[in-house]
Structure formats: C-alpha cells, structure tokens
Amino acid sequence: MNNTPGKESVIMAVGGGKGGVGKSFVMASLGMALARQGRVVMIDADLGGANLHHFLGLSRPGASLTEFFERKVPLADLVVDSGIDNLGLLTGMLGTIGGETIKHVQKLKLFSHIRQLEADYILIDLGAGTHFNTIDTLLLADRMIIVITPEIVSIENMYNFLRNLFFRRLGSALTAQGYRDLVLNTWRERQELGITTFRDLVDSLKSVSGEVRQIIEQELGDFSVHIVLNQARTNQDIMTGNSVKSICVKFFGIKALYSGYVEYDELVSRSVNQRTPYLQAYPASRCARGIERLTANLLSGQQVKIIR
Amino acid sequence: MKDRHLYKVHFEMLELPIEADFAEVHKAWLLLKEIYSTDSLATISLGDEVSEADRQRLLADIEASYQALTVFFHERRHRVEDQVRNLTADISDYDGATLKRLREQLQVNLDDVAMATRVPLRHLINIEADNYACLPVPVYTRGFVVNFARHLSLDAEKVAESFMAKFRHWSEDQNN
C-alpha cells in the first residue's frame with residue numbers, strides 16, 4: 001500500500017505484566033486504527049495462548065508460525081487476511097512446538113524476517129509474565145508498550161517487569177562490552193553492597209568503572225516505554241497512569257511516556273463473544289476515541305494531557 | 001531560550017519541556033505534589049522501592065524546583081514589563097501597524113500569539129494590517145485585540161479603546 005521498498009516498518013510490541021489487563025484488545029484495536037493509515041501486520045506471539053484473532057472477530061487461522069520454524073515456510077505466506085482492509089494476521093501457536101524453548105538464534109532469525117515483512121506497521125502481541133523470550137522480543141521493537149489497569153496487582157507487576165526489562169537490556173549491553181554477569185553478580189552481593197532498590201543497583205553498577213557508567217547512561221538514555229492504561233472508569237484512574245509514569249521517571253530514572261488510556265466498556269467482552277471487532281461495532285464510543293488518541297500519541301510521541 | 005537552559009533540571013523535575021509556560025509549571029507542581037504526598041495506587045504498588053525519607057526528599061526537590069521557576073518567570077515578566085514600558089512611553093495611539101511593530105520589537109511570533117490566545121491567526125493578521133473590512137463585528141474584534149495586547153503585556157484597555165475608535169470611524173465612513 002503505502003509501503004515503498006526499503007522503507008522501514010515501525011514495529012510496536014506489547015508484553016509483560018499481568019494477564020488479563022487487555023493487552024490483546026488494545027493491540028487488536030491499535031492495529032485496526034493503524035490500518036486506516038497504512039499496511040499493518042499483526043503477530044500473535046503469545047506463547048501460552050494465542051487469542052488475538054478473537055479480538056478481530058476471526059476463528060483461529062490455519063497457518064501459524066510453527067510452519068516457519070518446522071517447514072521453513074516464508075513468513076509472508078503465513079500472514080492471513082483478517083477481513084479488515086490493510087490488516088494481516090500472523091498467528092503464533094508457539095506453544096505447540098514448545099515455545100518456551102526457542103533458541104536465541106531462532107528468535108533473531110524470526111525477527112529479521114519480521115523486519116522484512118511488507119508493512120508500514122508491525123504489531124506484536126506477546127504474552128504476560130517476565131519470561132526472557134517475552135522480554136527479548138519486546139526489546140527488539142521500536143516501541144515497547146506496557147498495558148496496565150488501575151489495580152495494585154497490575155501496577156506492581158508492571159514495575160517489576162520494567163526492572164527486568166531494563167536489566168535484561170543492560171545485561172546484554174554490558175556482556176557485549178566484556179562485562180559478562182556483572183549485573184547478576186552485583187545483585188547476588190546486594191546484601192553486602194547495601195542494595196535495596198532499583199536505583200541502588202544502578203548506582204552501584206555505575207561505580208564499577210567509568211566505562212560501565214557510560215554504558216549504563218547510554219542504555220538509560222535510549223530506553224523508553226509507552227504506558228497504556230486500560231479499563232479506566234474514573235478520572236482518578238486516568239490520573240493513575242500519569243502517576244505511574246512519574247514514578248518510572250523519578251524512582252527508576254527510566255523514560256516512560258503515558259501514551260494513552262482506554263475507558264472501560266462492558267461491550268468489549270460482548271463484541272468478542274459475538275465475533276465482531278469492537279472498533280467496527282462501536283466506532284464512536286469513548287473507548288474507541290481513546291484508542292484513536294493512543295494511536296496518534298504512539299506515532300507522534302505525545303502524551304496524555306491531564307485536564308483538571 | 002538560552003536562559004531557560006539554566007533551569008533545565010527544574011523543568012525536568014516537574015516533567016516538563018523547557019518551553020513550558022508558567023501556567024504549565026504551576027499545574028505540574030500541583031499534580032506532582034498530589035502524587036507524592038498521598039498514598040495512591042501508583043505509589044503503594046512500589047512496595048519497598050521507596051522509603052518515606054526518599055519520598056520526603058523528592059517532595060522537597062519538587063518544591064525547590066517550583067520555587068526556582070517561580071522566580072525565573074517572575075523576573076522574566078518584570079524584564080518584559082520594563083521593556084514594554086520603555087517601548088510604549090511615547091505611544092498614545094494604537095493601530096494595527098503599531099501593534100505589529102511592538103510585537104516585532106518584543107520578538108514575539110504571531111503564530112505563538114494565535115496559539116496562546118486562541119485568536120485565529122487570520123484575525124491577528126487583519127488586526128495588524130488594519131484591515132477592518134475583514135474583521136468580525138466589534139464585540140468579537142474587541143475581545144481579540146484585548147487578548148492580543150495582553151499577550152504582549154500592553155495596557156489592554158488602552159489599546160482596545162484606541163484600536164476600536166479607529167474601527168468605529170471606518171464603519172461610520174462605510175455607512176455614510
């Protein structure tokens with residue numbers, strides 16, 4: 001469509017945190033909104049349970065990533081039509097081949113093929129949890145999206161996931177520079193070093209040497225996450241997203257952007273059961289408008305404006 | 001913009017870009033105070049990550065940044081007001097051309113005026129050009145002129161009275 005050869009597609013991925021916060025719903029809706037602007041391929045890479053198709057009103061597609069790994073079928077051939085203009089779907093079902101055990105090399109190969117897909121936007125839906133497969137895939141995306149709901153469990157999970165995400169990335173960067181296991185070893189000695197918080201650990205690592213400090217600052221500088229608050233019911237819920245962002249910036253020193261919130265709507269689960277994509281069934285709802293604002297913010301780098 | 005860079009840490013503390021105006025600074029300060037002075041979902045979920053002492057220190061930092069920026073904006077306002085007083089000392093009559101000249105002397109961009117005052121750009125252009133024929137009815141035009149003048153830290157009443165007198169003259173000429 002708008003895709004000219006050689007033009008890089010933007011890869012956005014969602015993952016981590018708590019299950020059931022609406023990652024797949026947010027991604028499916030985001031995909032539909034983006035499909036109005038360009039060619040979109042959505043990839044359901046949820047290791048445990050691929051269910052993205054439900055949010056697009058589809059039955060489970062026949063083709064899946066399994067064929068890519070087992071029979072070397074080109075990735076583009078596995079993309080199925082979603083029934084929505086400009087939107088293709090690639091289903092994971094990695095669970096069936098033991099998704100937990102894909103080798104790093106395979107992941108890199110998969111990702112380089114993903115990058116070559118003909119699309120303006122590629123959206124990857126990863127599972128919940130902090131498995132390193134999820135984390136590594138997320139780290140390869142151009143936009144890392146974390147979905148939260150205004151609940152303690154979800155927010156606590158998110159902080160935890162963010163810590164894991166950043167240290168995994170820092171670990172790889174340090175390993176590449178010859179500091180293998182530095183993060184892990186420092187963490188193991190946390191009691192002797194008096195480390196209790198994320199900041200303590202970062203500060204302790206920075207004091208190792210000038211070079212390490214430089215690597216850490218570089219990594220922190222390049223690292224950013226997009227926070228999406230789903231199922232907002234009150235203004236206070238909407239504000240919670242802003243507070244979480246502030247905390248990431250202030251206490252973790254991590255660049256977080258509050259890219260959007262989506263209001264709670266019971267009709268979401270009803271439209272899933274009725275096999276109609278929510279955004280098509282209720283395009284004028286408050287929830288749909290939230291998705292549109294989120295889409296615009298993700299592309300422009302703007303954040304939610306708090307109005308009081 | 002150069003002096004704003006000296007206040008970069010304070011803008012960052014309030015999570016604002018360095019172009020932010022005072023209204024935004026004030027709003028951000030209120031918001032951050034609220035986030036960190038009361039227990040909320042977002043802070044409770046942090047668990048042991050943040051001690052009470054950390055939180056108090058952060059609140060003190062937020063306050064200090066707000067104070068520093070308040071002084072910054074206050075002094076800037078005074079500087080602008082002094083400059084305006086000097087520039088307008090000999091002006092008793094305000095037409096569009098005078099407003100345009102003052103705006104340029106104060107190095108204010110017309111797009112920024114439109115953005116801040118929410119007066120449509122084309123009306124600002126027509127005001128500056130004394131293009132009365134294209135301006136809306138007096139009640140609207142007066143409001144636009146007041147907002148424009150206020151944005152330039154001018155005496156808005158005086159400017160509006162002077163400008164509207166000319167507008168009125170022109171209308172009367174049209175009717176005769």
# chains A, B, ... in the order shown; residues from 1 in each chain; ligands from 1
$ residues_around --residues "His131 of chain A" --least-positions-apart "3" --cutoff "10 Å" --atoms "only C-alpha atoms" --output "list in words"
Gly16, Leu47, Glu100, Gly127, Ala128, Thr134, Ile135, Asp136, Phe161 and Asn164 of chain A
$ interface_residues --of "chain B" --to "chain A" --cutoff "12 Å" --atoms "only C-alpha atoms" --output "PyMOL selection string"
chain B and resi 12-17+24+27-28+30-51+54-55+57-59+61-62
$ atom_distance --atom1 "atom CA of Met144 of chain A" --atom2 "atom CA of Val225 of chain A"
5.2 Å
$ residues_around --residues "Pro138 of chain B" --least-positions-apart "6" --cutoff "9 Å" --atoms "only C-alpha atoms" --output "PyMOL selection string"
chain B and resi 164+167-168
$ residues_around --residues "Arg77 of chain B" --least-positions-apart "3" --cutoff "12 Å" --atoms "only C-alpha atoms" --output "list in words"
Asp21, Phe22, Thr70, Val71, Phe72, Phe73, His74, Val80, Glu81, Asp82, Gln83, Val84, His151, Leu152 and Ser153 of chain B
$ residues_around --residues "Tyr121 of chain A" --least-positions-apart "2" --cutoff "6 Å" --atoms "only C-alpha atoms" --output "short mmCIF file (atom, residue, chain, number, x, y, z; two decimals) with N, CA and C atoms, in the first residue's frame"
data_model
loop_
_atom_site.label_atom_id
_atom_site.label_comp_id
_atom_site.auth_asym_id
_atom_site.auth_seq_id
_atom_site.Cartn_x
_atom_site.Cartn_y
_atom_site.Cartn_z
N SER A 9 9.59 -0.55 8.38
CA SER A 9 8.30 -0.55 9.06
C SER A 9 8.52 -0.27 10.54
N VAL A 10 7.50 0.27 11.17
CA VAL A 10 7.58 0.56 12.60
C VAL A 10 7.07 -0.66 13.35
N ILE A 11 7.90 -1.19 14.23
CA ILE A 11 7.49 -2.36 14.99
C ILE A 11 7.08 -1.95 16.41
N VAL A 40 -0.80 -2.97 7.81
CA VAL A 40 -0.46 -3.45 9.14
C VAL A 40 -0.39 -4.97 9.15
N ALA A 119 5.14 -4.12 5.25
CA ALA A 119 4.14 -3.46 6.09
C ALA A 119 4.66 -2.12 6.56
#
